[in-house]
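J.: Questions regarding the structure given below will be posed in turn.
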Amino acid sequence: MSASLSTPEPSMVAARADARRNRALVLAAAQRAFAEQGTSVSLAEVARRAGVGAGTVYRHFPTKTDLLEAVMQQRIDRLATLAVEYLDAPDPGAAFFAVCTEVVSSAPRSQALCDVIQSDDGWPKALLRSAGDRFHHALGALLAAAQRQGTVRSDLEIADVLDVFTGCVAIQRRQRPGGPLLRAVAIMFDAMRANSGIRPVTKPDIGAKTSNETGHRNETPHCPICGTEIRPTGTGRPARYCSAACRQKAHRRRSARAALADAAR
């Protein structure tokens with residue numbers, strides 16, 4: 001009797017195998033659909049692409065949010081696995097940039113994956129946060145190895161790399177899926193490489209006391225909106241605008257540019 005209790009029936013084993021196969025089909029179809037049509041695609045369309053019934057999709061993923069999270073978790077887990085595999089590569093610098101290239105070139109057209117990689121706050125749930133943590137840990141180890149090799153700038157931190165990903169993914173969205181990296185993305189990647197001509201941005205150059213870049217400037221700042229000379233207040237951070245009105249104008253201009261950029265995507 002104990003043997004019969006511990007050994008699943010053949011029909012149960014077959015049912016579980018079918019369930020795993022259907023789940024994989026749904027995830028693959030959803031990934032393609034979200035990349036091509038955005039997150040507005042319906043679960044019925046995902047079911048049609050997967051070749052399964054709508055009820056099968058709903059059994060595995062009761063809501064679209066559940067499906068979105070599963071798709072993104074799968075993608076981030078794959079990137080984390082790739083980064084871990086590259087940790088044993090003989091050339092840490094080449095391995096680091098290979099992972100960077102994969103992150104950007106394989107990102108879907110929506111901003112969802114980029115947002116998940118960049119931030120732990122808000123919408124992403126614990127499942128996604130766990131996948132993101134694994135990716136960050138592996139990427140951080142790759143970054144440290146590349147810095148020890150002298151290939152990547154020593155002042156870079158993992159947060160800087162994630163910010164670069166955010167910008168590069170936004171730029172790469174103009175490229176067709178599977179296409180080569182755009183030139184602007186390659187330029188941003190090159191900025192992460194070790195270069196003695198680039199001043200560190202996260203670690204102050206204490207020795208450069210006489211440099212005009214680090215020392216006090218005699219230039220009088222002017223408002224970028226109206227050109228009026230900005231008088232120093234003597235306290236707090238230096239003012240960027242001459243008045244609250246110009247500050248508001250600058251805010252409206254930034255908002256308008258962001259709206260135009262969104263409309264162009």
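Convention: chains lettered A, B, ... in structure tokens order; per-chain residue numbering from 1; ligands numbered from 1 as shown.
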So that I can see what lies close to stretch 24-31 of chain A, please list as a list in words the residues with an atom at most 6 Å from it, counting only C-alpha atoms and leaving out residues fewer than 5 positions away in the same chain.

T.: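 Using only C-alpha atoms, the neighbours found are Val46, Arg49 and Ala50 of chain A.
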
J.: Got a sec: who's within 10 Å of A:Ile187, counting only C-alpha atoms, leaving out chain neighbours fewer than 5 positions off, as a VMD selection string?

T.: chain A and resid 168 182 192

J.: How would the residues just chosen look if you wrote them out with N, CA and C atoms as a PDB file, in the first residue's frame?

T.:
ATOM      1  N   CYS A 168      20.013  52.530 -22.942  1.00  0.00           N
ATOM      2  CA  CYS A 168      20.285  51.742 -24.142  1.00  0.00           C
ATOM      3  C   CYS A 168      19.046  50.996 -24.631  1.00  0.00           C
ATOM      4  N   LEU A 182      22.447  49.594 -32.138  1.00  0.00           N
ATOM      5  CA  LEU A 182      22.567  50.897 -32.782  1.00  0.00           C
ATOM      6  C   LEU A 182      23.865  51.571 -32.345  1.00  0.00           C
ATOM      7  N   MET A 192      31.737  52.862 -20.748  1.00  0.00           N
ATOM      8  CA  MET A 192      31.987  52.074 -19.542  1.00  0.00           C
ATOM      9  C   MET A 192      33.379  51.442 -19.543  1.00  0.00           C
TER      10      MET A 192
END

J.: Write out as number ranges by chain the residues lying within 12 Å of stretch 92-98 of chain A, counting only C-alpha atoms and excluding same-chain residues fewer than 2 positions away.

T.: A: 79, 82-90, 100-106, 138-153, 158, 161, 165, 181, 185-186, 188-194

J.: Just the selected residues (N, CA and C atoms), exported as a tab-separated table (two decimals), in the first residue's frame, please.

T.:
chain	number	residue	atom	x	y	z
A	79	LEU	N	18.69	35.74	-18.16
A	79	LEU	CA	19.83	36.65	-18.14
A	79	LEU	C	20.75	36.37	-16.95
A	82	LEU	N	22.77	33.34	-17.75
A	82	LEU	CA	23.81	33.68	-18.71
A	82	LEU	C	24.99	34.36	-18.00
A	83	ALA	N	24.68	35.31	-17.11
A	83	ALA	CA	25.74	36.01	-16.39
A	83	ALA	C	26.55	35.06	-15.52
A	84	VAL	N	25.88	34.13	-14.86
A	84	VAL	CA	26.58	33.15	-14.02
A	84	VAL	C	27.49	32.28	-14.88
A	85	GLU	N	27.02	31.85	-16.05
A	85	GLU	CA	27.83	31.02	-16.93
A	85	GLU	C	29.08	31.76	-17.40
A	86	TYR	N	28.97	33.08	-17.58
A	86	TYR	CA	30.11	33.87	-18.04
A	86	TYR	C	31.13	34.14	-16.94
A	87	LEU	N	30.80	33.86	-15.68
A	87	LEU	CA	31.73	34.14	-14.60
A	87	LEU	C	33.03	33.35	-14.73
A	88	ASP	N	32.98	32.20	-15.39
A	88	ASP	CA	34.17	31.37	-15.57
A	88	ASP	C	34.87	31.65	-16.90
A	89	ALA	N	34.44	32.67	-17.62
A	89	ALA	CA	35.05	32.98	-18.92
A	89	ALA	C	36.49	33.45	-18.73
A	90	PRO	N	37.39	33.11	-19.63
A	90	PRO	CA	38.80	33.52	-19.49
A	90	PRO	C	39.00	35.03	-19.64
A	100	CYS	N	25.99	42.56	-21.35
A	100	CYS	CA	25.37	43.87	-21.61
A	100	CYS	C	24.68	43.87	-22.96
A	101	THR	N	25.33	43.33	-23.96
A	101	THR	CA	24.75	43.28	-25.31
A	101	THR	C	23.49	42.44	-25.33
A	102	GLU	N	23.52	41.31	-24.63
A	102	GLU	CA	22.34	40.44	-24.60
A	102	GLU	C	21.17	41.12	-23.90
A	103	VAL	N	21.45	41.82	-22.81
A	103	VAL	CA	20.38	42.51	-22.08
A	103	VAL	C	19.66	43.49	-22.99
A	104	VAL	N	20.43	44.29	-23.71
A	104	VAL	CA	19.84	45.35	-24.54
A	104	VAL	C	19.22	44.78	-25.81
A	105	SER	N	19.93	43.88	-26.50
A	105	SER	CA	19.43	43.40	-27.79
A	105	SER	C	18.23	42.48	-27.65
A	106	SER	N	18.08	41.81	-26.49
A	106	SER	CA	16.96	40.88	-26.32
A	106	SER	C	15.78	41.49	-25.60
A	138	ALA	N	24.71	38.41	-10.04
A	138	ALA	CA	25.58	37.83	-11.06
A	138	ALA	C	26.24	38.93	-11.89
A	139	LEU	N	25.47	39.96	-12.25
A	139	LEU	CA	26.04	41.05	-13.03
A	139	LEU	C	27.09	41.80	-12.22
A	140	GLY	N	26.83	41.99	-10.91
A	140	GLY	CA	27.81	42.66	-10.06
A	140	GLY	C	29.12	41.89	-9.98
A	141	ALA	N	29.03	40.56	-9.92
A	141	ALA	CA	30.25	39.74	-9.90
A	141	ALA	C	31.01	39.87	-11.21
A	142	LEU	N	30.29	39.91	-12.32
A	142	LEU	CA	30.93	40.09	-13.62
A	142	LEU	C	31.60	41.46	-13.71
A	143	LEU	N	30.91	42.48	-13.23
A	143	LEU	CA	31.46	43.84	-13.25
A	143	LEU	C	32.76	43.90	-12.44
A	144	ALA	N	32.75	43.32	-11.24
A	144	ALA	CA	33.94	43.33	-10.39
A	144	ALA	C	35.11	42.61	-11.07
A	145	ALA	N	34.83	41.48	-11.72
A	145	ALA	CA	35.89	40.73	-12.40
A	145	ALA	C	36.47	41.54	-13.56
A	146	ALA	N	35.60	42.22	-14.32
A	146	ALA	CA	36.07	43.04	-15.44
A	146	ALA	C	36.87	44.24	-14.94
A	147	GLN	N	36.50	44.80	-13.79
A	147	GLN	CA	37.26	45.91	-13.22
A	147	GLN	C	38.62	45.45	-12.72
A	148	ARG	N	38.68	44.27	-12.13
A	148	ARG	CA	39.98	43.74	-11.69
A	148	ARG	C	40.90	43.51	-12.88
A	149	GLN	N	40.32	43.12	-14.00
A	149	GLN	CA	41.10	42.91	-15.21
A	149	GLN	C	41.59	44.22	-15.80
A	150	GLY	N	40.90	45.32	-15.46
A	150	GLY	CA	41.26	46.62	-16.01
A	150	GLY	C	40.56	46.96	-17.29
A	151	THR	N	39.51	46.21	-17.62
A	151	THR	CA	38.76	46.45	-18.86
A	151	THR	C	37.66	47.48	-18.67
A	152	VAL	N	37.04	47.48	-17.50
A	152	VAL	CA	35.92	48.37	-17.22
A	152	VAL	C	36.35	49.43	-16.22
A	153	ARG	N	35.80	50.62	-16.34
A	153	ARG	CA	36.13	51.73	-15.45
A	153	ARG	C	35.97	51.34	-13.98
A	158	ILE	N	27.18	49.08	-9.81
A	158	ILE	CA	26.11	48.32	-10.46
A	158	ILE	C	24.93	49.22	-10.82
A	161	VAL	N	25.56	50.83	-14.16
A	161	VAL	CA	25.35	49.90	-15.28
A	161	VAL	C	23.86	49.75	-15.58
A	165	PHE	N	21.74	50.54	-18.96
A	165	PHE	CA	20.78	49.64	-19.59
A	165	PHE	C	19.48	50.36	-19.91
A	181	LEU	N	23.14	46.17	-32.60
A	181	LEU	CA	23.09	47.31	-31.69
A	181	LEU	C	23.24	48.61	-32.48
A	185	VAL	N	24.05	53.07	-28.88
A	185	VAL	CA	24.20	52.08	-27.81
A	185	VAL	C	25.66	51.67	-27.68
A	186	ALA	N	26.33	51.44	-28.81
A	186	ALA	CA	27.75	51.08	-28.78
A	186	ALA	C	28.58	52.18	-28.14
A	188	MET	N	27.55	54.26	-25.82
A	188	MET	CA	27.29	54.21	-24.37
A	188	MET	C	28.05	53.06	-23.72
A	189	PHE	N	28.13	51.93	-24.42
A	189	PHE	CA	28.92	50.81	-23.90
A	189	PHE	C	30.40	51.19	-23.81
A	190	ASP	N	30.90	51.88	-24.83
A	190	ASP	CA	32.30	52.27	-24.84
A	190	ASP	C	32.63	53.20	-23.66
A	191	ALA	N	31.63	53.99	-23.23
A	191	ALA	CA	31.86	54.89	-22.11
A	191	ALA	C	32.12	54.14	-20.80
A	192	MET	N	31.74	52.86	-20.75
A	192	MET	CA	31.99	52.07	-19.54
A	192	MET	C	33.38	51.44	-19.54
A	193	ARG	N	34.07	51.50	-20.68
A	193	ARG	CA	35.38	50.88	-20.76
A	193	ARG	C	36.43	51.71	-20.03
A	194	ALA	N	37.48	51.05	-19.53
A	194	ALA	CA	38.56	51.75	-18.84
A	194	ALA	C	39.26	52.67	-19.83

J.: Atom CA of A:Gly179 and atom CA of A:Gly51, how far apart in Å?

T.: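 Computed distance, atom CA of A:Gly51 to atom CA of A:Gly179, equals 27.9 Å.
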
J.: Please determine, counting only C-alpha atoms, which residue among A:Arg174, A:Asp91, A:Glu69, A:Val99 has the shortest atom-to-atom distance to A:Ser130.

T.: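 Nearest to A:Ser130: A:Glu69.
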
J.: Excluding A:Thr63 and residues on its chain fewer than 4 positions from it, collect all residues at most 12 Å away from it, counting only C-alpha atoms, and give them as a list in words.

T.: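 Here the answer would be Ser42, Leu43, Ala44, Ala54, Gly55, Val57, Tyr58, Arg59, Leu67, Leu68, Glu69 and Ala70 of chain A.
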
J.: Given the choices A:Asn195, A:Cys242, A:Gln175, A:Ala131, which gets closest to A:Gln74 if the distance is worked out from only C-alpha atoms?

T.: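 With only C-alpha atoms as the atom set, the closest residue is A:Ala131.
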
J.: Please identify which residues in stretch 32-195 of chain A DSSP calls alpha helix (DSSP H) from the backbone, and express them as a PyMOL selection string.

T.: chain A and resi 32-37+43-50+54-60+64-86+92-105+112-118+126-149+158-172+183-190

J.: Work out how far apart atom CA of A:Asp155 and atom CA of A:Ala107 are and give it in Å to one decimal.

T.: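 We find that atom CA of A:Asp155 and atom CA of A:Ala107 lie 26.3 Å from each other.
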